[in-house]
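Colleague: Contents are mmCIF, C-alpha atoms and all ligand atoms; file name input.cif:
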```cif
data_data
loop_
_atom_site.group_PDB
_atom_site.id
_atom_site.type_symbol
_atom_site.label_atom_id
_atom_site.label_comp_id
_atom_site.auth_asym_id
_atom_site.auth_seq_id
_atom_site.Cartn_x
_atom_site.Cartn_y
_atom_site.Cartn_z
ATOM 1 C CA MET A 161 -2.116 -3.705 -47.449
ATOM 2 C CA THR A 162 1.224 -5.418 -47.093
ATOM 3 C CA LEU A 163 2.546 -8.056 -49.471
ATOM 4 C CA ASN A 164 4.096 -9.889 -46.498
ATOM 5 C CA THR A 165 2.553 -12.955 -44.877
ATOM 6 C CA THR A 166 3.225 -14.537 -41.497
ATOM 7 C CA GLN A 167 4.131 -17.960 -42.929
ATOM 8 C CA PRO A 168 7.538 -19.260 -41.761
ATOM 9 C CA ILE A 169 9.881 -19.496 -44.762
ATOM 10 C CA THR A 170 11.193 -23.023 -45.320
ATOM 11 C CA TRP A 171 13.707 -22.466 -48.132
ATOM 12 C CA CYS A 172 17.273 -23.530 -47.260
ATOM 13 C CA PRO A 173 19.094 -20.693 -45.460
ATOM 14 C CA GLY A 174 20.785 -18.519 -48.086
ATOM 15 C CA CYS A 175 18.723 -19.806 -51.014
ATOM 16 C CA PRO A 176 18.498 -17.078 -53.702
ATOM 17 C CA ASN A 177 14.721 -17.650 -53.725
ATOM 18 C CA PHE A 178 14.738 -15.238 -50.754
ATOM 19 C CA MET A 179 16.160 -12.559 -53.038
ATOM 20 C CA ILE A 180 13.625 -13.296 -55.746
ATOM 21 C CA LEU A 181 10.884 -12.871 -53.140
ATOM 22 C CA GLU A 182 12.298 -9.477 -52.134
ATOM 23 C CA SER A 183 12.602 -8.415 -55.794
ATOM 24 C CA VAL A 184 8.966 -9.287 -56.422
ATOM 25 C CA LYS A 185 7.846 -7.324 -53.352
ATOM 26 C CA LYS A 186 9.942 -4.353 -54.433
ATOM 27 C CA ALA A 187 8.539 -4.508 -57.972
ATOM 28 C CA LEU A 188 4.923 -4.715 -56.822
ATOM 29 C CA SER A 189 5.041 -2.380 -53.832
ATOM 30 C CA LYS A 190 3.096 0.356 -55.616
ATOM 31 C CA SER A 191 0.698 -1.965 -57.486
ATOM 32 C CA GLU A 192 -2.951 -2.124 -56.628
ATOM 33 C CA GLN A 193 -3.090 -5.332 -54.612
ATOM 34 C CA LYS A 194 -6.721 -6.029 -55.552
ATOM 35 C CA LYS A 195 -5.703 -6.254 -59.215
ATOM 36 C CA LEU A 196 -2.834 -8.676 -58.606
ATOM 37 C CA CYS A 197 -3.264 -12.413 -58.912
ATOM 38 C CA MET A 198 -0.667 -15.181 -58.764
ATOM 39 C CA VAL A 199 -0.273 -18.811 -59.756
ATOM 40 C CA THR A 200 2.646 -20.937 -58.667
ATOM 41 C CA ASP A 201 3.847 -24.332 -59.771
ATOM 42 C CA ILE A 202 5.100 -27.154 -57.557
ATOM 43 C CA GLY A 203 8.768 -26.976 -56.590
ATOM 44 C CA CYS A 204 10.999 -25.008 -54.217
ATOM 45 C CA HIS A 205 10.102 -21.817 -56.123
ATOM 46 C CA GLY A 206 6.376 -22.594 -55.666
ATOM 47 C CA LYS A 207 6.596 -21.958 -51.937
ATOM 48 C CA ILE A 208 6.581 -18.246 -52.817
ATOM 49 C CA PHE A 209 2.801 -18.684 -52.880
ATOM 50 C CA ASP A 210 2.800 -18.781 -49.077
ATOM 51 C CA TYR A 211 5.084 -15.783 -48.687
ATOM 52 C CA LEU A 212 3.214 -13.229 -50.817
ATOM 53 C CA ASN A 213 -0.095 -11.761 -49.757
ATOM 54 C CA ILE A 214 -1.636 -12.033 -53.222
ATOM 55 C CA SER A 215 -4.764 -13.999 -54.189
ATOM 56 C CA GLY A 216 -4.267 -16.951 -56.472
ATOM 57 C CA ILE A 217 -3.893 -20.654 -57.051
ATOM 58 C CA TYR A 218 -1.087 -23.034 -56.037
ATOM 59 C CA GLY A 219 -1.176 -24.882 -59.364
ATOM 60 C CA LEU A 220 -0.215 -28.315 -60.619
ATOM 61 C CA HIS A 221 3.381 -29.084 -61.585
ATOM 62 C CA GLY A 222 4.009 -27.856 -65.137
ATOM 63 C CA ARG A 223 0.588 -26.234 -65.394
ATOM 64 C CA ALA A 224 0.874 -22.829 -63.722
ATOM 65 C CA LEU A 225 0.934 -21.071 -67.098
ATOM 66 C CA PRO A 226 -2.389 -22.384 -68.493
ATOM 67 C CA THR A 227 -3.948 -21.763 -65.069
ATOM 68 C CA ALA A 228 -2.725 -18.159 -65.228
ATOM 69 C CA MET A 229 -4.088 -17.900 -68.747
ATOM 70 C CA GLY A 230 -7.459 -19.152 -67.511
ATOM 71 C CA ILE A 231 -7.487 -16.361 -64.928
ATOM 72 C CA THR A 232 -6.871 -13.708 -67.589
ATOM 73 C CA LEU A 233 -9.728 -15.201 -69.619
ATOM 74 C CA GLY A 234 -11.952 -14.887 -66.531
ATOM 75 C CA ASN A 235 -10.929 -11.290 -65.901
ATOM 76 C CA PRO A 236 -8.616 -9.577 -68.394
ATOM 77 C CA ASN A 237 -8.186 -6.636 -66.002
ATOM 78 C CA LEU A 238 -6.073 -8.551 -63.495
ATOM 79 C CA ASN A 239 -2.279 -8.412 -63.370
ATOM 80 C CA VAL A 240 -1.490 -12.114 -63.319
ATOM 81 C CA LEU A 241 1.907 -13.513 -62.307
ATOM 82 C CA ALA A 242 2.918 -17.146 -62.886
ATOM 83 C CA PHE A 243 5.926 -18.483 -60.956
ATOM 84 C CA MET A 244 7.539 -21.646 -62.341
ATOM 85 C CA GLY A 245 10.762 -23.625 -62.045
ATOM 86 C CA ASP A 246 12.887 -24.526 -65.068
ATOM 87 C CA GLY A 247 11.934 -28.165 -64.528
ATOM 88 C CA ALA A 248 8.245 -27.336 -64.546
ATOM 89 C CA ILE A 249 8.018 -24.978 -67.495
ATOM 90 C CA TYR A 250 10.588 -26.556 -69.815
ATOM 91 C CA SER A 251 9.575 -30.182 -69.211
ATOM 92 C CA GLU A 252 5.903 -30.839 -68.507
ATOM 93 C CA GLY A 253 4.928 -27.237 -69.236
ATOM 94 C CA ILE A 254 6.835 -26.739 -72.477
ATOM 95 C CA ALA A 255 3.793 -26.750 -74.785
ATOM 96 C CA HIS A 256 2.190 -23.992 -72.709
ATOM 97 C CA PHE A 257 5.345 -21.886 -73.003
ATOM 98 C CA ILE A 258 5.221 -22.030 -76.801
ATOM 99 C CA HIS A 259 1.501 -21.302 -77.075
ATOM 100 C CA ALA A 260 1.656 -18.454 -74.555
ATOM 101 C CA GLY A 261 4.089 -16.782 -76.966
ATOM 102 C CA ARG A 262 1.566 -17.234 -79.792
ATOM 103 C CA PHE A 263 -1.639 -16.370 -77.900
ATOM 104 C CA ASN A 264 -0.071 -13.412 -76.069
ATOM 105 C CA PRO A 265 -2.195 -13.363 -72.884
ATOM 106 C CA ASN A 266 -1.605 -10.349 -70.669
ATOM 107 C CA LEU A 267 0.400 -12.030 -67.878
ATOM 108 C CA THR A 268 3.939 -12.386 -66.581
ATOM 109 C CA LEU A 269 5.818 -15.669 -66.360
ATOM 110 C CA ILE A 270 8.686 -15.676 -63.849
ATOM 111 C CA VAL A 271 11.012 -18.678 -64.168
ATOM 112 C CA HIS A 272 13.334 -19.458 -61.246
ATOM 113 C CA ASP A 273 16.028 -21.221 -63.298
ATOM 114 C CA ASN A 274 18.367 -23.163 -61.015
ATOM 115 C CA GLN A 275 19.095 -25.765 -63.740
ATOM 116 C CA SER A 276 17.772 -28.500 -61.473
ATOM 117 C CA PHE A 277 14.558 -30.173 -60.302
ATOM 118 C CA SER A 278 15.462 -29.198 -56.767
ATOM 119 C CA LEU A 279 12.423 -30.046 -54.652
ATOM 120 C CA THR A 280 12.645 -33.649 -55.892
ATOM 121 C CA THR A 281 16.405 -33.793 -55.129
ATOM 122 C CA GLY A 282 18.311 -32.686 -58.186
ATOM 123 C CA GLN A 283 17.212 -34.494 -61.328
ATOM 124 C CA PRO A 284 18.419 -32.732 -64.511
ATOM 125 C CA THR A 285 16.046 -30.323 -66.248
ATOM 126 C CA PRO A 286 16.117 -29.214 -69.904
ATOM 127 C CA THR A 287 18.474 -26.345 -68.949
ATOM 128 C CA SER A 288 20.924 -28.487 -66.936
ATOM 129 C CA GLN A 289 24.400 -28.638 -68.416
ATOM 130 C CA GLN A 290 25.552 -31.715 -70.342
ATOM 131 C CA GLY A 291 27.403 -34.116 -68.050
ATOM 132 C CA TYR A 292 25.600 -33.001 -64.875
ATOM 133 C CA LYS A 293 25.750 -35.914 -62.411
ATOM 134 C CA SER A 294 23.386 -36.474 -59.500
ATOM 135 C CA LYS A 295 22.052 -39.497 -57.628
ATOM 136 C CA ALA A 296 19.230 -39.535 -60.180
ATOM 137 C CA ILE A 297 21.620 -39.600 -63.143
ATOM 138 C CA PRO A 298 24.951 -41.054 -61.948
ATOM 139 C CA MET A 299 26.335 -41.480 -65.476
ATOM 140 C CA GLY A 300 25.766 -37.810 -66.233
ATOM 141 C CA GLU A 301 23.180 -35.917 -68.280
ATOM 142 C CA PRO A 302 23.804 -36.997 -71.893
ATOM 143 C CA ASP A 303 21.976 -34.147 -73.623
ATOM 144 C CA LYS A 304 22.839 -30.518 -74.184
ATOM 145 C CA PRO A 305 20.586 -27.867 -72.603
ATOM 146 C CA MET A 306 17.858 -26.151 -74.581
ATOM 147 C CA ASN A 307 17.853 -22.363 -74.945
ATOM 148 C CA PRO A 308 14.498 -20.988 -73.681
ATOM 149 C CA ILE A 309 15.273 -17.437 -74.852
ATOM 150 C CA LYS A 310 15.603 -18.675 -78.440
ATOM 151 C CA LEU A 311 12.422 -20.697 -78.100
ATOM 152 C CA ALA A 312 10.549 -17.684 -76.725
ATOM 153 C CA LEU A 313 11.756 -15.582 -79.675
ATOM 154 C CA ALA A 314 10.697 -18.290 -82.119
ATOM 155 C CA SER A 315 7.253 -18.553 -80.490
ATOM 156 C CA GLY A 316 6.560 -14.835 -80.857
ATOM 157 C CA THR A 317 6.889 -13.794 -77.199
ATOM 158 C CA GLY A 318 6.684 -9.994 -77.038
ATOM 159 C CA PHE A 319 8.669 -9.416 -73.835
ATOM 160 C CA ILE A 320 11.734 -11.487 -72.984
ATOM 161 C CA ALA A 321 14.058 -10.652 -70.101
ATOM 162 C CA ARG A 322 16.754 -12.256 -68.018
ATOM 163 C CA CYS A 323 17.758 -11.378 -64.452
ATOM 164 C CA ASN A 324 20.255 -12.408 -61.816
ATOM 165 C CA ALA A 325 18.510 -13.487 -58.588
ATOM 166 C CA LYS A 326 21.435 -12.014 -56.664
ATOM 167 C CA ASP A 327 20.724 -8.511 -58.016
ATOM 168 C CA PRO A 328 17.302 -7.703 -56.499
ATOM 169 C CA LYS A 329 17.375 -4.007 -57.437
ATOM 170 C CA HIS A 330 17.811 -4.735 -61.140
ATOM 171 C CA THR A 331 15.464 -7.718 -60.986
ATOM 172 C CA ALA A 332 12.747 -5.522 -59.443
ATOM 173 C CA GLU A 333 13.195 -2.944 -62.223
ATOM 174 C CA VAL A 334 12.867 -5.613 -64.908
ATOM 175 C CA LEU A 335 9.860 -7.211 -63.203
ATOM 176 C CA ARG A 336 8.127 -3.822 -63.050
ATOM 177 C CA LYS A 337 8.603 -3.454 -66.824
ATOM 178 C CA ALA A 338 7.394 -7.012 -67.405
ATOM 179 C CA VAL A 339 4.172 -6.440 -65.453
ATOM 180 C CA LYS A 340 3.600 -3.144 -67.276
ATOM 181 C CA HIS A 341 4.043 -4.804 -70.688
ATOM 182 C CA LYS A 342 0.700 -5.465 -72.420
ATOM 183 C CA GLY A 343 0.827 -9.144 -73.390
ATOM 184 C CA PHE A 344 2.858 -12.204 -72.447
ATOM 185 C CA SER A 345 6.065 -11.283 -70.618
ATOM 186 C CA PHE A 346 8.699 -13.888 -69.824
ATOM 187 C CA VAL A 347 11.365 -13.223 -67.192
ATOM 188 C CA GLU A 348 14.071 -15.826 -66.689
ATOM 189 C CA ILE A 349 15.765 -15.395 -63.319
ATOM 190 C CA ILE A 350 19.099 -17.159 -63.004
ATOM 191 C CA GLN A 351 19.148 -18.696 -59.549
ATOM 192 C CA ASP A 352 21.749 -20.805 -57.792
ATOM 193 C CA CYS A 353 20.629 -23.836 -55.797
ATOM 194 C CA LEU A 354 22.834 -24.355 -52.747
ATOM 195 C CA ILE A 355 22.154 -28.087 -52.541
ATOM 196 C CA PHE A 356 21.759 -29.521 -56.056
ATOM 197 C CA ASN A 357 23.735 -28.944 -59.280
ATOM 198 C CA LYS A 358 26.119 -26.697 -57.382
ATOM 199 C CA GLU A 359 28.789 -26.922 -60.086
ATOM 200 C CA ILE A 360 26.714 -24.604 -62.314
ATOM 201 C CA ASN A 361 26.430 -21.906 -59.597
ATOM 202 C CA ASP A 362 28.284 -18.571 -59.415
ATOM 203 C CA LYS A 363 27.942 -17.412 -62.981
ATOM 204 C CA ASP A 364 27.852 -13.743 -61.903
ATOM 205 C CA LYS A 365 31.196 -12.961 -63.524
ATOM 206 C CA LEU A 366 29.818 -14.025 -66.912
ATOM 207 C CA MET A 367 26.859 -11.662 -66.625
ATOM 208 C CA TYR A 368 26.616 -8.165 -68.091
ATOM 209 C CA ASN A 369 23.719 -5.719 -68.162
ATOM 210 C CA VAL A 370 22.235 -4.682 -71.505
ATOM 211 C CA LYS A 371 20.011 -1.744 -72.475
ATOM 212 C CA ASP A 372 16.345 -2.464 -73.188
ATOM 213 C CA ASN A 373 16.274 -3.884 -76.701
ATOM 214 C CA LYS A 374 13.569 -3.846 -79.393
ATOM 215 C CA ASN A 375 15.618 -5.222 -82.271
ATOM 216 C CA LYS A 376 14.905 -8.871 -83.051
ATOM 217 C CA LYS A 377 18.210 -9.628 -84.774
ATOM 218 C CA MET A 378 20.073 -8.181 -81.790
ATOM 219 C CA ALA A 379 17.894 -10.295 -79.460
ATOM 220 C CA GLU A 380 18.794 -13.419 -81.445
ATOM 221 C CA ARG A 381 22.463 -12.567 -81.158
ATOM 222 C CA MET A 382 22.112 -12.038 -77.390
ATOM 223 C CA ALA A 383 20.234 -15.336 -77.051
ATOM 224 C CA ASP A 384 23.156 -17.091 -78.765
ATOM 225 C CA LYS A 385 25.723 -15.694 -76.349
ATOM 226 C CA TRP A 386 24.944 -18.133 -73.562
ATOM 227 C CA ASP A 387 24.306 -21.868 -73.889
ATOM 228 C CA TYR A 388 23.489 -22.570 -70.191
ATOM 229 C CA THR A 389 26.997 -23.795 -69.418
ATOM 230 C CA LYS A 390 29.661 -21.946 -67.448
ATOM 231 C CA LYS A 391 31.165 -20.500 -70.606
ATOM 232 C CA GLY A 392 30.270 -17.480 -72.721
ATOM 233 C CA LYS A 393 28.733 -14.192 -71.680
ATOM 234 C CA ILE A 394 25.286 -13.886 -70.136
ATOM 235 C CA PRO A 395 23.287 -10.803 -71.164
ATOM 236 C CA ILE A 396 20.991 -9.556 -68.388
ATOM 237 C CA GLY A 397 18.052 -7.160 -68.840
ATOM 238 C CA VAL A 398 15.189 -6.710 -71.292
ATOM 239 C CA LEU A 399 16.495 -8.736 -74.223
ATOM 240 C CA TYR A 400 13.490 -8.107 -76.453
ATOM 241 C CA GLN A 401 10.261 -6.136 -76.406
ATOM 242 C CA GLU A 402 7.653 -5.777 -79.116
ATOM 243 C CA LYS A 403 4.142 -4.392 -78.956
ATOM 244 C CA LYS A 404 1.638 -6.813 -80.484
ATOM 245 C CA PRO A 405 -2.096 -7.589 -80.141
ATOM 246 C CA THR A 406 -2.852 -9.370 -76.888
ATOM 247 C CA LEU A 407 -5.199 -12.311 -76.480
ATOM 248 C CA THR A 408 -7.749 -9.798 -75.124
ATOM 249 C CA ASP A 409 -7.351 -7.592 -78.214
ATOM 250 C CA LYS A 410 -8.096 -10.606 -80.414
ATOM 251 C CA TRP A 411 -11.375 -11.593 -78.708
ATOM 252 C CA PRO A 412 -14.209 -8.982 -78.685
ATOM 253 C CA GLN A 413 -15.848 -10.581 -75.643
ATOM 254 C CA LEU A 414 -12.660 -10.065 -73.610
ATOM 255 C CA LYS A 415 -12.095 -6.608 -75.047
ATOM 256 C CA ASN A 416 -15.569 -5.682 -73.837
ATOM 257 C CA LEU A 417 -14.732 -6.842 -70.308
ATOM 258 C CA GLU A 418 -11.485 -4.912 -70.454
ATOM 259 C CA LYS A 419 -13.322 -1.731 -71.498
ATOM 260 C CA LYS A 420 -15.785 -2.134 -68.639
ATOM 261 C CA GLY A 421 -12.983 -2.988 -66.184
ATOM 262 C CA VAL A 422 -14.767 -6.147 -64.988
ATOM 263 C CA GLY A 423 -14.635 -9.959 -65.173
ATOM 264 C CA TRP A 424 -17.406 -12.305 -66.396
ATOM 265 C CA LYS A 425 -19.282 -11.906 -63.098
ATOM 266 C CA GLY A 426 -19.536 -8.181 -63.747
ATOM 267 C CA LYS A 427 -17.168 -7.174 -60.972
HETATM 268 C C1 LIG B 501 2.363 -33.690 -62.511
HETATM 269 C C2 LIG B 501 3.560 -33.792 -61.608
HETATM 270 N N1 LIG B 501 4.744 -34.210 -62.095
HETATM 271 C C3 LIG B 501 5.834 -34.299 -61.309
HETATM 272 C C4 LIG B 501 5.720 -33.959 -59.994
HETATM 273 C C5 LIG B 501 6.936 -34.099 -59.085
HETATM 274 N N2 LIG B 501 7.581 -32.853 -58.829
HETATM 275 C C6 LIG B 501 7.216 -32.022 -57.819
HETATM 276 S S1 LIG B 501 8.255 -30.749 -57.597
HETATM 277 C C7 LIG B 501 9.223 -31.289 -58.848
HETATM 278 C C8 LIG B 501 10.513 -30.579 -59.161
HETATM 279 C C9 LIG B 501 10.360 -29.128 -59.410
HETATM 280 O O1 LIG B 501 11.495 -28.662 -60.076
HETATM 281 P P1 LIG B 501 11.503 -27.223 -60.693
HETATM 282 O O2 LIG B 501 10.244 -26.964 -61.431
HETATM 283 O O3 LIG B 501 12.748 -27.027 -61.464
HETATM 284 O O4 LIG B 501 11.476 -26.291 -59.399
HETATM 285 P P2 LIG B 501 12.537 -26.148 -58.200
HETATM 286 O O5 LIG B 501 12.164 -27.169 -57.163
HETATM 287 O O6 LIG B 501 13.903 -26.339 -58.741
HETATM 288 O O7 LIG B 501 12.284 -24.739 -57.730
HETATM 289 C C10 LIG B 501 8.714 -32.446 -59.461
HETATM 290 C C11 LIG B 501 9.315 -33.162 -60.592
HETATM 291 C C12 LIG B 501 4.487 -33.506 -59.498
HETATM 292 N N3 LIG B 501 4.329 -33.102 -58.249
HETATM 293 N N4 LIG B 501 3.416 -33.449 -60.323
HETATM 294 S S1 LIG B 502 17.012 -27.089 -52.451
HETATM 295 FE FE1 LIG B 502 18.000 -25.421 -53.591
HETATM 296 S S2 LIG B 502 16.307 -24.261 -54.571
HETATM 297 FE FE2 LIG B 502 15.442 -25.549 -52.947
HETATM 298 S S3 LIG B 502 15.340 -24.208 -51.161
HETATM 299 FE FE3 LIG B 502 17.264 -25.367 -51.033
HETATM 300 S S4 LIG B 502 18.799 -24.035 -52.020
HETATM 301 FE FE4 LIG B 502 16.785 -23.283 -52.602
#
```
Would you write the structure of this file as structure tokens?
Ligand SMILES: Cc1ncc(C[n+]2csc(CCOP(=O)(O)OP(=O)(O)O)c2C)c(N)n1
Ligand code: SF4
Modeller:
Amino acid sequence: MTLNTTQPITWCPGCPNFMILESVKKALSKSEQKKLCMVTDIGCHGKIFDYLNISGIYGLHGRALPTAMGITLGNPNLNVLAFMGDGAIYSEGIAHFIHAGRFNPNLTLIVHDNQSFSLTTGQPTPTSQQGYKSKAIPMGEPDKPMNPIKLALASGTGFIARCNAKDPKHTAEVLRKAVKHKGFSFVEIIQDCLIFNKEINDKDKLMYNVKDNKNKKMAERMADKWDYTKKGKIPIGVLYQEKKPTLTDKWPQLKNLEKKGVGWKGK
């Protein structure tokens, strides 16, 4: 079965979301489609729900992650993907991000980080740069951006990666590793928005690829290299990976379902 759908794509022409879509298709091309499941949030990124032939739920804004977690509780044998924007996950969804790191459900969170609430016309998100001006904030964003990689490390997330939307080959490779990882995997994809917060676009020259890393101190150092402005160096790749008990491993009822290869309905 193909991952393509017949839905007309309504992203702005040239939006890097197109490249993220292609990366996801490339990463999943050999996966068993029946075992895949997706949840998307509300936002420009969320439209990916219509463009991928994968069963799932078009979730509420900020809540795609707990919905995805609910699906893994229903059937721990599914490969669940949650697509969220930086506005969604780091504002309304921030508590879920922290607890997903602690609980370690076996699912992949893909964040399309364009440093803007784009669908609702460019309000600043927690990763927007200080001083960012838009119609919604004409005096400029007063606060500095948060660093989600550092937060993920502090919350115990066992797989943390960063990709460049404009490099679909590398992004697909990283996504494949994220889906294969047993436990919560977090992939931040740096994505330009062609309409809102354009001044933060084109950071490609700051980016450099790193080797897969399993050393926490090194991961902390890499997390510190970029503060979500247009300065510094931006490490791209698997920034941290650690094997740890998953949510399924911690609950015998789920472990039993995993062993049998079924969900609660027995199929
Ligand atoms: C509970 C709730 N809060 C807020 C909104 C309004 N809302 C819809 S999309 C959106 C912006 C999404 O921004 P982001 O998550 O960064 O995704 P992007 O559009 O940039 O891909 C907001 C605030 C909503 N629909 N529901
Ligand atoms: S507003 Fe920005 S993120 Fe949304 S589709 Fe257009 S270019 Fe892409």
Colleague: Can you pull out every residue with an atom within 10 Å of ligand LIG 502 (chain B)? Use only C-alpha atoms and all ligand atoms and format it as a PyMOL selection string.
Modeller: chain A and resi 169-178+203-207+245+272-282+351-358
Colleague: What's around region 399-409 of chain A at 6 Å? Count only C-alpha atoms, leave out sequence neighbours fewer than 3 positions away in its own chain, and write the answer as a list in words.
Modeller: Phe263, Asn264, Pro265, Gly318, Phe319, Ile320, Ala321, Gly343, Asn373, Lys374, Ala379, Leu414 and Lys415 of chain A
Colleague: What lies within 9 Å of Ala187 (chain A) using only C-alpha atoms, ignoring chain neighbours under 2 positions off, as a PDB file with C-alpha atoms, keeping the file's coordinate frame?
Modeller:
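Written file, part_22.pdb:
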```pdb
ATOM      1  CA  GLU A 182      12.298  -9.477 -52.134  1.00  0.00           C
ATOM      2  CA  SER A 183      12.602  -8.415 -55.794  1.00  0.00           C
ATOM      3  CA  VAL A 184       8.966  -9.287 -56.422  1.00  0.00           C
ATOM      4  CA  LYS A 185       7.846  -7.324 -53.352  1.00  0.00           C
ATOM      5  CA  SER A 189       5.041  -2.380 -53.832  1.00  0.00           C
ATOM      6  CA  LYS A 190       3.096   0.356 -55.616  1.00  0.00           C
ATOM      7  CA  SER A 191       0.698  -1.965 -57.486  1.00  0.00           C
ATOM      8  CA  LYS A 329      17.375  -4.007 -57.437  1.00  0.00           C
ATOM      9  CA  THR A 331      15.464  -7.718 -60.986  1.00  0.00           C
ATOM     10  CA  ALA A 332      12.747  -5.522 -59.443  1.00  0.00           C
ATOM     11  CA  GLU A 333      13.195  -2.944 -62.223  1.00  0.00           C
ATOM     12  CA  VAL A 334      12.867  -5.613 -64.908  1.00  0.00           C
ATOM     13  CA  LEU A 335       9.860  -7.211 -63.203  1.00  0.00           C
ATOM     14  CA  ARG A 336       8.127  -3.822 -63.050  1.00  0.00           C
ATOM     15  CA  LYS A 337       8.603  -3.454 -66.824  1.00  0.00           C
ATOM     16  CA  VAL A 339       4.172  -6.440 -65.453  1.00  0.00           C
TER      17      VAL A 339
END
```
Colleague: Excluding same-chain residues fewer than 5 positions from Met179 (chain A), what lies within 8 Å of it counting all atoms listed in the file, as a PyMOL selection string?
Modeller: chain A and resi 325-328
Colleague: Please list as a list in words every residue within 6 Å of region 287-302 of chain A, counting only C-alpha atoms and excluding residues in the same chain fewer than 4 positions away.
Modeller: Gln275, Gln283, Met306 and Thr389 of chain A
Colleague: Could you tell me how far CA of Ser315 (chain A) lies from CA of Gln413 (chain A), in Å and to one decimal?
Modeller: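 Pair CA of Ser315 (chain A) / CA of Gln413 (chain A) returns 24.9 Å.
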Colleague: Provide the CA of Leu220 (chain A) to CA of Ile202 (chain A) distance in Å, to one decimal place.
Modeller: 6.2 Å
Colleague: Restricting the calculation to all atoms listed in the file, which member of A:Ala260, A:Leu188, A:Leu233, A:Ala228 is positioned closest to Asn416 (chain A)?
Modeller: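 For Asn416 (chain A), the nearest of the given residues is A:Leu233.
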Colleague: Quick check, in Å to one decimal: how far apart do CA of Thr285 (chain A) and CA of Asn266 (chain A) lie?
Modeller: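 These two atoms are separated by 27.0 Å.
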Colleague: Please tell me which residues are no farther than 12 Å from (-2.0, -26.3, -57.0) in the file, counting all atoms listed in the file, and write them as JSON, numbers by chain.
Modeller: {"A": [198, 199, 200, 201, 202, 203, 206, 207, 209, 210, 216, 217, 218, 219, 220, 221, 222, 223, 224, 225, 227, 228, 242, 243, 244]}
Colleague: Looking at all atoms listed in the file, which of A:Asn361, A:Ser251, A:Thr268, A:Asn324 is the one that sits closest to ligand LIG 501 (chain B)?
Modeller: A:Ser251
